[in-house]
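Raw contents of data-v3.cif, mmCIF, C-alpha atoms:
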```cif
data_work
#
loop_
_atom_site.label_atom_id
_atom_site.label_comp_id
_atom_site.auth_asym_id
_atom_site.auth_seq_id
_atom_site.Cartn_x
_atom_site.Cartn_y
_atom_site.Cartn_z
CA MET A 1 -0.38 -16.36 -22.53
CA HIS A 2 0.47 -17.83 -19.11
CA HIS A 3 2.81 -16.58 -16.38
CA GLU A 4 3.49 -17.68 -12.79
CA TYR A 5 5.09 -15.91 -9.85
CA ASN A 6 6.07 -17.26 -6.44
CA ILE A 7 5.30 -15.07 -3.46
CA VAL A 8 7.07 -15.32 -0.09
CA GLY A 9 5.07 -14.42 3.01
CA GLY A 10 6.55 -11.61 5.08
CA ASP A 11 8.93 -10.40 2.36
CA PHE A 12 7.86 -6.77 2.14
CA THR A 13 10.91 -5.70 0.16
CA ARG A 14 9.73 -7.79 -2.76
CA ALA A 15 5.99 -7.33 -2.36
CA GLY A 16 4.63 -5.88 -5.58
CA TYR A 17 7.21 -7.47 -7.86
CA ALA A 18 4.66 -9.82 -9.46
CA SER A 19 2.11 -7.04 -9.97
CA SER A 20 4.86 -4.93 -11.50
CA GLN A 21 5.59 -7.73 -13.99
CA VAL A 22 1.86 -7.97 -14.78
CA LYS A 23 1.83 -4.24 -15.51
CA LYS A 24 4.79 -4.53 -17.89
CA ILE A 25 3.19 -7.45 -19.74
CA LEU A 26 -0.16 -5.65 -20.14
CA ARG A 27 1.61 -2.51 -21.36
CA ASN A 28 3.49 -4.51 -23.99
CA LEU A 29 0.17 -5.93 -25.16
CA ASP A 30 -1.22 -2.38 -25.55
CA VAL A 31 -4.08 -3.02 -23.15
CA ASP A 32 -6.13 0.11 -22.43
CA THR A 33 -4.37 2.16 -19.71
CA ALA A 34 -7.48 2.48 -17.53
CA ILE A 35 -7.88 -1.32 -17.54
CA ILE A 36 -4.17 -1.77 -16.75
CA LYS A 37 -4.50 0.54 -13.74
CA ARG A 38 -7.56 -1.26 -12.36
CA THR A 39 -5.92 -4.65 -12.96
CA VAL A 40 -2.60 -3.88 -11.30
CA ILE A 41 -4.18 -2.15 -8.31
CA ALA A 42 -6.38 -5.20 -7.70
CA ALA A 43 -3.40 -7.53 -8.23
CA TYR A 44 -1.12 -5.50 -5.98
CA GLU A 45 -3.62 -5.34 -3.12
CA ALA A 46 -4.06 -9.11 -3.38
CA GLU A 47 -0.29 -9.68 -3.59
CA VAL A 48 0.24 -7.54 -0.48
CA ASN A 49 -2.41 -9.64 1.28
CA ILE A 50 -0.39 -12.82 0.60
CA VAL A 51 2.81 -11.19 1.88
CA ALA A 52 0.94 -9.81 4.90
CA HIS A 53 -1.02 -12.89 5.93
CA ALA A 54 0.23 -16.10 4.27
CA TYR A 55 3.38 -18.27 4.40
CA ASN A 56 3.74 -18.36 0.63
CA GLY A 57 1.72 -18.25 -2.54
CA ILE A 58 1.59 -18.50 -6.30
CA ILE A 59 0.14 -15.90 -8.66
CA THR A 60 -0.87 -17.03 -12.12
CA LEU A 61 -1.68 -14.68 -14.96
CA ASP A 62 -3.60 -15.82 -18.03
CA ILE A 63 -4.39 -13.47 -20.86
CA ASP A 64 -6.51 -14.15 -23.91
CA ALA A 65 -8.20 -11.95 -26.49
CA ASP A 66 -11.14 -11.07 -24.23
CA SER A 67 -9.95 -11.26 -20.65
CA ILE A 68 -7.16 -11.05 -18.10
CA ARG A 69 -7.38 -13.64 -15.32
CA ILE A 70 -5.21 -13.45 -12.21
CA VAL A 71 -5.42 -16.23 -9.64
CA LEU A 72 -3.67 -15.81 -6.30
CA ASP A 73 -3.31 -19.05 -4.35
CA ASP A 74 -1.78 -18.96 -0.91
CA MET A 75 -0.87 -21.35 1.85
CA GLY A 76 -1.81 -19.55 5.01
CA PRO A 77 -4.27 -19.24 7.85
CA GLY A 78 -7.28 -18.75 5.55
CA ILE A 79 -10.18 -16.38 6.15
CA GLU A 80 -12.77 -17.45 8.70
CA ASP A 81 -15.54 -15.09 7.64
CA ILE A 82 -15.12 -13.72 4.10
CA GLU A 83 -18.11 -11.38 4.41
CA GLN A 84 -16.58 -9.80 7.50
CA ALA A 85 -13.15 -9.57 5.82
CA MET A 86 -14.76 -7.72 2.90
CA GLN A 87 -16.07 -5.00 5.22
CA GLU A 88 -14.07 -1.80 4.91
CA GLY A 89 -12.08 -1.18 8.08
CA TYR A 90 -11.98 -4.80 9.24
CA SER A 91 -8.38 -5.99 9.54
CA THR A 92 -6.28 -8.62 11.26
CA ALA A 93 -2.99 -7.15 10.00
CA SER A 94 0.11 -7.06 12.19
CA ASP A 95 1.95 -3.90 13.24
CA LYS A 96 4.63 -4.71 10.65
CA VAL A 97 2.04 -4.64 7.88
CA ARG A 98 0.68 -1.34 9.17
CA GLU A 99 4.18 0.15 9.24
CA MET A 100 4.35 -0.63 5.53
CA GLY A 101 1.33 1.59 4.88
CA PHE A 102 -1.29 -1.17 4.73
CA GLY A 103 -3.53 -3.10 7.09
CA ALA A 104 -6.35 -0.57 7.33
CA GLY A 105 -8.94 -3.10 6.17
CA MET A 106 -9.32 -1.56 2.72
CA GLY A 107 -7.60 -4.12 0.50
CA LEU A 108 -10.40 -6.55 -0.31
CA SER A 109 -12.97 -3.81 -0.90
CA ASN A 110 -10.52 -2.00 -3.18
CA ILE A 111 -9.94 -5.22 -5.13
CA LYS A 112 -13.72 -5.56 -5.51
CA ARG A 113 -14.04 -1.95 -6.73
CA ASN A 114 -11.41 -2.45 -9.43
CA ALA A 115 -12.07 -6.01 -10.60
CA ASP A 116 -14.72 -6.89 -13.16
CA GLU A 117 -15.14 -10.23 -11.40
CA LEU A 118 -13.86 -11.32 -8.00
CA ARG A 119 -14.13 -14.74 -6.40
CA ILE A 120 -12.67 -15.66 -3.02
CA ASN A 121 -12.46 -19.17 -1.64
CA SER A 122 -10.82 -19.89 1.65
CA GLU A 123 -10.25 -22.77 4.01
CA VAL A 124 -9.20 -22.02 7.57
CA GLY A 125 -5.81 -23.55 8.33
CA ARG A 126 -5.00 -24.20 4.66
CA GLY A 127 -5.15 -21.05 2.56
CA THR A 128 -7.04 -18.68 0.32
CA GLN A 129 -7.65 -18.41 -3.40
CA VAL A 130 -8.49 -15.04 -4.92
CA GLU A 131 -9.54 -14.91 -8.56
CA ILE A 132 -9.62 -11.58 -10.38
CA VAL A 133 -11.04 -11.32 -13.90
CA MET A 134 -10.85 -8.24 -16.09
CA TYR A 135 -12.48 -7.79 -19.48
CA ARG A 136 -10.38 -6.18 -22.20
CA MET B 1 2.54 22.92 -11.11
CA ARG B 2 6.01 22.04 -12.42
CA VAL B 3 8.31 19.76 -10.39
CA GLY B 4 10.95 22.50 -10.49
CA ASP B 5 8.51 24.91 -8.79
CA ILE B 6 7.61 22.33 -6.12
CA VAL B 7 11.30 21.91 -5.28
CA ASN B 8 11.79 25.68 -5.01
CA ILE B 9 8.70 26.26 -2.86
CA LEU B 10 9.67 23.48 -0.47
CA ASP B 11 13.39 24.31 -0.51
CA ALA B 12 13.74 20.59 -1.19
CA ARG B 13 16.13 18.23 -2.95
CA ILE B 14 15.44 16.02 -5.97
CA VAL B 15 16.84 12.55 -5.29
CA CYS B 16 16.05 11.08 -8.70
CA GLY B 17 14.30 12.24 -11.84
CA GLY B 18 16.16 15.56 -11.84
CA ASP B 19 15.93 15.66 -15.61
CA ARG B 20 12.13 15.83 -15.38
CA GLN B 21 11.69 19.22 -13.68
CA GLU B 22 9.21 20.24 -16.38
CA TYR B 23 6.83 17.40 -15.44
CA THR B 24 3.58 18.97 -14.26
CA ILE B 25 1.25 17.71 -11.53
CA ASP B 26 -2.49 18.55 -11.53
CA VAL B 27 -3.41 17.67 -7.94
CA ALA B 28 -1.78 16.58 -4.68
CA PHE B 29 -2.64 13.96 -2.08
CA ALA B 30 -0.98 13.52 1.31
CA SER B 31 -1.06 10.19 3.11
CA ASP B 32 1.07 7.66 4.97
CA LEU B 33 -1.58 5.03 4.28
CA MET B 34 -0.84 3.43 0.93
CA SER B 35 -4.28 1.77 0.91
CA ASP B 36 -5.77 5.27 0.61
CA VAL B 37 -3.41 6.18 -2.23
CA LEU B 38 -4.48 3.04 -4.10
CA THR B 39 -8.08 4.28 -4.20
CA LEU B 40 -7.23 7.43 -6.22
CA LYS B 41 -8.47 7.67 -9.78
CA ASN B 42 -6.78 10.94 -10.84
CA ASP B 43 -3.85 11.32 -13.21
CA HIS B 44 -0.77 13.52 -12.63
CA VAL B 45 -1.00 13.21 -8.85
CA LEU B 46 1.72 14.46 -6.51
CA LEU B 47 2.03 12.15 -3.49
CA ILE B 48 3.19 13.79 -0.26
CA THR B 49 4.11 11.24 2.40
CA GLY B 50 6.20 10.54 5.47
CA LEU B 51 6.34 6.82 4.66
CA ALA B 52 9.68 5.97 3.09
CA ASN B 53 9.85 2.32 2.12
CA MET B 54 9.70 0.08 -0.95
CA GLN B 55 5.93 -0.13 -0.82
CA THR B 56 5.65 3.64 -1.22
CA ILE B 57 7.36 3.28 -4.60
CA ARG B 58 5.36 0.19 -5.55
CA THR B 59 2.14 2.00 -4.68
CA ALA B 60 3.17 4.94 -6.88
CA GLU B 61 4.05 2.54 -9.68
CA MET B 62 0.65 0.80 -9.57
CA SER B 63 -1.22 4.12 -9.27
CA ASP B 64 0.70 5.79 -12.12
CA ILE B 65 2.00 8.44 -9.72
CA GLN B 66 5.15 9.97 -11.16
CA CYS B 67 6.23 12.33 -8.39
CA ILE B 68 6.61 11.78 -4.62
CA VAL B 69 7.61 14.27 -1.92
CA PHE B 70 9.02 12.63 1.21
CA ALA B 71 8.30 15.08 4.00
CA ARG B 72 9.55 15.42 7.62
CA ASN B 73 13.12 14.70 6.55
CA LYS B 74 12.56 11.06 5.61
CA LYS B 75 15.44 9.61 3.63
CA VAL B 76 14.99 7.21 0.74
CA THR B 77 17.16 4.10 0.42
CA ARG B 78 19.34 3.00 -2.53
CA GLU B 79 16.82 0.22 -3.28
CA MET B 80 14.00 2.77 -3.42
CA VAL B 81 16.00 4.97 -5.79
CA ASP B 82 16.70 2.02 -8.12
CA LEU B 83 13.01 1.08 -8.22
CA ALA B 84 11.95 4.70 -8.76
CA ILE B 85 14.41 5.14 -11.64
CA GLU B 86 13.18 1.89 -13.21
CA ASN B 87 9.64 3.29 -13.12
CA ASP B 88 10.44 6.88 -14.07
CA ILE B 89 9.30 8.21 -10.70
CA ILE B 90 10.62 11.55 -9.46
CA MET B 91 11.53 11.52 -5.75
CA ILE B 92 11.94 14.67 -3.68
CA GLU B 93 13.21 14.84 -0.08
CA CYS B 94 11.93 17.72 2.03
CA ARG B 95 12.72 18.63 5.65
CA TYR B 96 9.32 20.24 6.31
CA SER B 97 6.48 18.38 8.01
CA VAL B 98 3.64 16.97 5.92
CA PHE B 99 1.43 19.78 7.24
CA ARG B 100 3.84 22.55 6.26
CA THR B 101 4.55 20.90 2.89
CA CYS B 102 0.83 20.76 2.12
CA GLY B 103 0.27 24.30 3.37
CA LEU B 104 2.99 25.80 1.19
CA LEU B 105 1.87 23.94 -1.93
CA TYR B 106 -1.80 24.74 -1.33
CA GLN B 107 -0.94 28.41 -0.85
CA ALA B 108 0.95 28.29 -4.15
CA GLY B 109 -2.16 27.02 -5.94
CA VAL B 110 -1.84 23.22 -5.96
CA LYS B 111 -5.31 21.69 -5.92
CA PRO B 112 -6.43 18.89 -3.60
CA ILE B 113 -8.20 15.77 -4.92
CA TYR B 114 -11.11 15.96 -2.48
#
```
Final structure tokens representation of the file:
Amino acid sequence: MHHEYNIVGGDFTRAGYASSQVKKILRNLDVDTAIIKRTVIAAYEAEVNIVAHAYNGIITLDIDADSIRIVLDDMGPGIEDIEQAMQEGYSTASDKVREMGFGAGMGLSNIKRNADELRINSEVGRGTQVEIVMYR
Amino acid sequence: MRVGDIVNILDARIVCGGDRQEYTIDVAFASDLMSDVLTLKNDHVLLITGLANMQTIRTAEMSDIQCIVFARNKKVTREMVDLAIENDIIMIECRYSVFRTCGLLYQAGVKPIY
């Protein structure tokens, strides 16, 4: 099963729409509720990151019998130092992002806590790819 | 604690989900930082917040939080109501500060998470 969602940078009204769709799909497939919660929290944090930092992005969801794979590809400024970005409390978020209740430098570490596998690749000036894998 | 009791204690108003006054919360958490809310593992959480925007509802949706109290007289928007109804989330508006809201509920026996 394959799904794709376009994400628009800066559009905080719509942020979370894709993760909401992911949640509905996983529920319909009767995935364990604890796994759904971990999956959608990781997906939502990553979706908010695209809206907060990038110009636009695409989220793809692939589900098979054993795993749930979510890949978030964005066109944006990229992450200079991924290790530093992973540190809790480190943030480059704008005031607008903080007004939305985010930007405290907790997103990436929360994704890591919830995901079974997490891979981040980034190129400064081009964009970032975040891959989240969950085992069913 | 029942939603109906929360509304009475806070002298508050249910904006949506009024048919779910029997829904019971086990614990409460107060925060304006949605990143903190997204780290909670508990079920049947009451969220008390002063942050009234679409991401408050999205955060509740992702965290399986079914009841939110908006304190310090924050008003929810039509868009927020629509999203909350779609996700079966009860929203309560309360004129008290977050501190007073928490104090009254704690005094009435609502347990904290930490």
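Here CA of Arg20 (chain B) stands at a distance of 27.4 Å from CA of Ala18 (chain A).
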Notebook entry, point to check: What lies within 8 Å of region 5-7 of chain A using only C-alpha atoms, ignoring chain neighbours under 6 positions off, as JSON, numbers by chain?
Noted result: {"A": [15, 18, 47, 50, 51, 56, 57, 58, 59, 60]}
Listing only residues of region 48-94 of chain B within 10 Å of region 30-34 of chain B, what is the closest atom pair and its distance in Å (to one decimal) for each, using all atoms listed in the file, sorted by chain and residue number ascending, as JSON lines?
```
{"residue": "B:Ile48", "atom": "CA", "partner": "B:Ala30", "partner_atom": "CA", "distance": 4.5}
{"residue": "B:Thr49", "atom": "CA", "partner": "B:Ser31", "partner_atom": "CA", "distance": 5.3}
{"residue": "B:Gly50", "atom": "CA", "partner": "B:Asp32", "partner_atom": "CA", "distance": 5.9}
{"residue": "B:Leu51", "atom": "CA", "partner": "B:Asp32", "partner_atom": "CA", "distance": 5.3}
{"residue": "B:Ala52", "atom": "CA", "partner": "B:Asp32", "partner_atom": "CA", "distance": 9.0}
{"residue": "B:Gln55", "atom": "CA", "partner": "B:Met34", "partner_atom": "CA", "distance": 7.8}
{"residue": "B:Thr56", "atom": "CA", "partner": "B:Met34", "partner_atom": "CA", "distance": 6.8}
{"residue": "B:Ile57", "atom": "CA", "partner": "B:Met34", "partner_atom": "CA", "distance": 9.9}
{"residue": "B:Arg58", "atom": "CA", "partner": "B:Met34", "partner_atom": "CA", "distance": 9.5}
{"residue": "B:Thr59", "atom": "CA", "partner": "B:Met34", "partner_atom": "CA", "distance": 6.5}
{"residue": "B:Ala60", "atom": "CA", "partner": "B:Met34", "partner_atom": "CA", "distance": 8.9}
{"residue": "B:Ile68", "atom": "CA", "partner": "B:Ala30", "partner_atom": "CA", "distance": 9.8}
{"residue": "B:Val69", "atom": "CA", "partner": "B:Ala30", "partner_atom": "CA", "distance": 9.2}
{"residue": "B:Ala71", "atom": "CA", "partner": "B:Ala30", "partner_atom": "CA", "distance": 9.8}
```
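Nearest to chain A of all the residues B:Leu46, B:Leu40, B:Val76, B:Ile89 is B:Leu40, based on only C-alpha atoms.
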Fewer than 4 positions away in the same chain doesn't count, so skip those; otherwise give me all residues within 12 Å of Lys96 (chain A), counting all atoms listed in the file, as a CSV table (one decimal) with C-alpha atoms, in the frame of the given file.
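File written: result_31.csv
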```csv
chain,number,residue,atom,x,y,z
A,10,GLY,CA,6.6,-11.6,5.1
A,11,ASP,CA,8.9,-10.4,2.4
A,12,PHE,CA,7.9,-6.8,2.1
A,51,VAL,CA,2.8,-11.2,1.9
A,52,ALA,CA,0.9,-9.8,4.9
A,53,HIS,CA,-1.0,-12.9,5.9
A,92,THR,CA,-6.3,-8.6,11.3
A,100,MET,CA,4.4,-0.6,5.5
A,101,GLY,CA,1.3,1.6,4.9
A,102,PHE,CA,-1.3,-1.2,4.7
A,103,GLY,CA,-3.5,-3.1,7.1
```
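Of note, CA of Val45 (chain B) and CA of Ser19 (chain A) are spaced 20.5 Å apart.
When all atoms listed in the file are used to compute distances to chain B, the closest of the residues A:Arg69, A:Lys112, A:His2, A:Arg119 turns out to be A:Lys112.
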Next item on the list: Translate the PyMOL selection byres ((chain B and resi 67) around 12), as applied to the file shown, into an explicit residue set as a PyMOL selection string.
Entry: chain B and resi 1-4+6-7+14-18+20-29+43-49+56-57+59-61+63-66+68-70+84-85+87-93
Next item on the list: For chain A, report every residue with an atom at most 12 Å from chain B (counting only C-alpha atoms), formatted as a ChimeraX atom specification.
Entry: /A:11-24,33-49,51,88-89,97-114
Residues as selected, C-alpha atoms, written as an mmCIF file, keeping the file's coordinate frame, can you do that?
```cif
data_model
loop_
_atom_site.group_PDB
_atom_site.id
_atom_site.type_symbol
_atom_site.label_atom_id
_atom_site.label_comp_id
_atom_site.auth_asym_id
_atom_site.auth_seq_id
_atom_site.Cartn_x
_atom_site.Cartn_y
_atom_site.Cartn_z
ATOM 1 C CA ASP A 11 8.930 -10.400 2.360
ATOM 2 C CA PHE A 12 7.860 -6.770 2.140
ATOM 3 C CA THR A 13 10.910 -5.700 0.160
ATOM 4 C CA ARG A 14 9.730 -7.790 -2.760
ATOM 5 C CA ALA A 15 5.990 -7.330 -2.360
ATOM 6 C CA GLY A 16 4.630 -5.880 -5.580
ATOM 7 C CA TYR A 17 7.210 -7.470 -7.860
ATOM 8 C CA ALA A 18 4.660 -9.820 -9.460
ATOM 9 C CA SER A 19 2.110 -7.040 -9.970
ATOM 10 C CA SER A 20 4.860 -4.930 -11.500
ATOM 11 C CA GLN A 21 5.590 -7.730 -13.990
ATOM 12 C CA VAL A 22 1.860 -7.970 -14.780
ATOM 13 C CA LYS A 23 1.830 -4.240 -15.510
ATOM 14 C CA LYS A 24 4.790 -4.530 -17.890
ATOM 15 C CA THR A 33 -4.370 2.160 -19.710
ATOM 16 C CA ALA A 34 -7.480 2.480 -17.530
ATOM 17 C CA ILE A 35 -7.880 -1.320 -17.540
ATOM 18 C CA ILE A 36 -4.170 -1.770 -16.750
ATOM 19 C CA LYS A 37 -4.500 0.540 -13.740
ATOM 20 C CA ARG A 38 -7.560 -1.260 -12.360
ATOM 21 C CA THR A 39 -5.920 -4.650 -12.960
ATOM 22 C CA VAL A 40 -2.600 -3.880 -11.300
ATOM 23 C CA ILE A 41 -4.180 -2.150 -8.310
ATOM 24 C CA ALA A 42 -6.380 -5.200 -7.700
ATOM 25 C CA ALA A 43 -3.400 -7.530 -8.230
ATOM 26 C CA TYR A 44 -1.120 -5.500 -5.980
ATOM 27 C CA GLU A 45 -3.620 -5.340 -3.120
ATOM 28 C CA ALA A 46 -4.060 -9.110 -3.380
ATOM 29 C CA GLU A 47 -0.290 -9.680 -3.590
ATOM 30 C CA VAL A 48 0.240 -7.540 -0.480
ATOM 31 C CA ASN A 49 -2.410 -9.640 1.280
ATOM 32 C CA VAL A 51 2.810 -11.190 1.880
ATOM 33 C CA GLU A 88 -14.070 -1.800 4.910
ATOM 34 C CA GLY A 89 -12.080 -1.180 8.080
ATOM 35 C CA VAL A 97 2.040 -4.640 7.880
ATOM 36 C CA ARG A 98 0.680 -1.340 9.170
ATOM 37 C CA GLU A 99 4.180 0.150 9.240
ATOM 38 C CA MET A 100 4.350 -0.630 5.530
ATOM 39 C CA GLY A 101 1.330 1.590 4.880
ATOM 40 C CA PHE A 102 -1.290 -1.170 4.730
ATOM 41 C CA GLY A 103 -3.530 -3.100 7.090
ATOM 42 C CA ALA A 104 -6.350 -0.570 7.330
ATOM 43 C CA GLY A 105 -8.940 -3.100 6.170
ATOM 44 C CA MET A 106 -9.320 -1.560 2.720
ATOM 45 C CA GLY A 107 -7.600 -4.120 0.500
ATOM 46 C CA LEU A 108 -10.400 -6.550 -0.310
ATOM 47 C CA SER A 109 -12.970 -3.810 -0.900
ATOM 48 C CA ASN A 110 -10.520 -2.000 -3.180
ATOM 49 C CA ILE A 111 -9.940 -5.220 -5.130
ATOM 50 C CA LYS A 112 -13.720 -5.560 -5.510
ATOM 51 C CA ARG A 113 -14.040 -1.950 -6.730
ATOM 52 C CA ASN A 114 -11.410 -2.450 -9.430
#
```
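Of the residues listed (A:Met86, A:Met75, A:Ile120, A:Ala65), A:Ala65 shows the shortest atom-to-atom separation from Tyr135 (chain A); distances use only C-alpha atoms.
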Item checked: Proximity to Ile25 (chain A) - best of A:Tyr55, A:Gly9, A:Gln129, A:Ile68, only C-alpha atoms -> A:Ile68
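Coordinates place CA of Ser97 (chain B) at a distance of 15.8 Å from CA of Asn8 (chain B).
Comparing B:Asn42, B:Leu10, B:Lys111, B:Thr77 by their smallest distance to Val98 (chain B), the closest is B:Leu10 (using only C-alpha atoms).
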Next item on the list: Please evaluate the PyMOL selection byres ((chain A and resi 76) around 7) against the displayed coordinates and give the resulting residues as a PyMOL selection string.
Entry: chain A and resi 53-55+74-75+77-78+125-127
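If you measure from each of A:Ala115, A:Val124, A:Met134, A:Leu61 to Asp32 (chain A) using all atoms listed in the file, the closest one turns out to be A:Met134.
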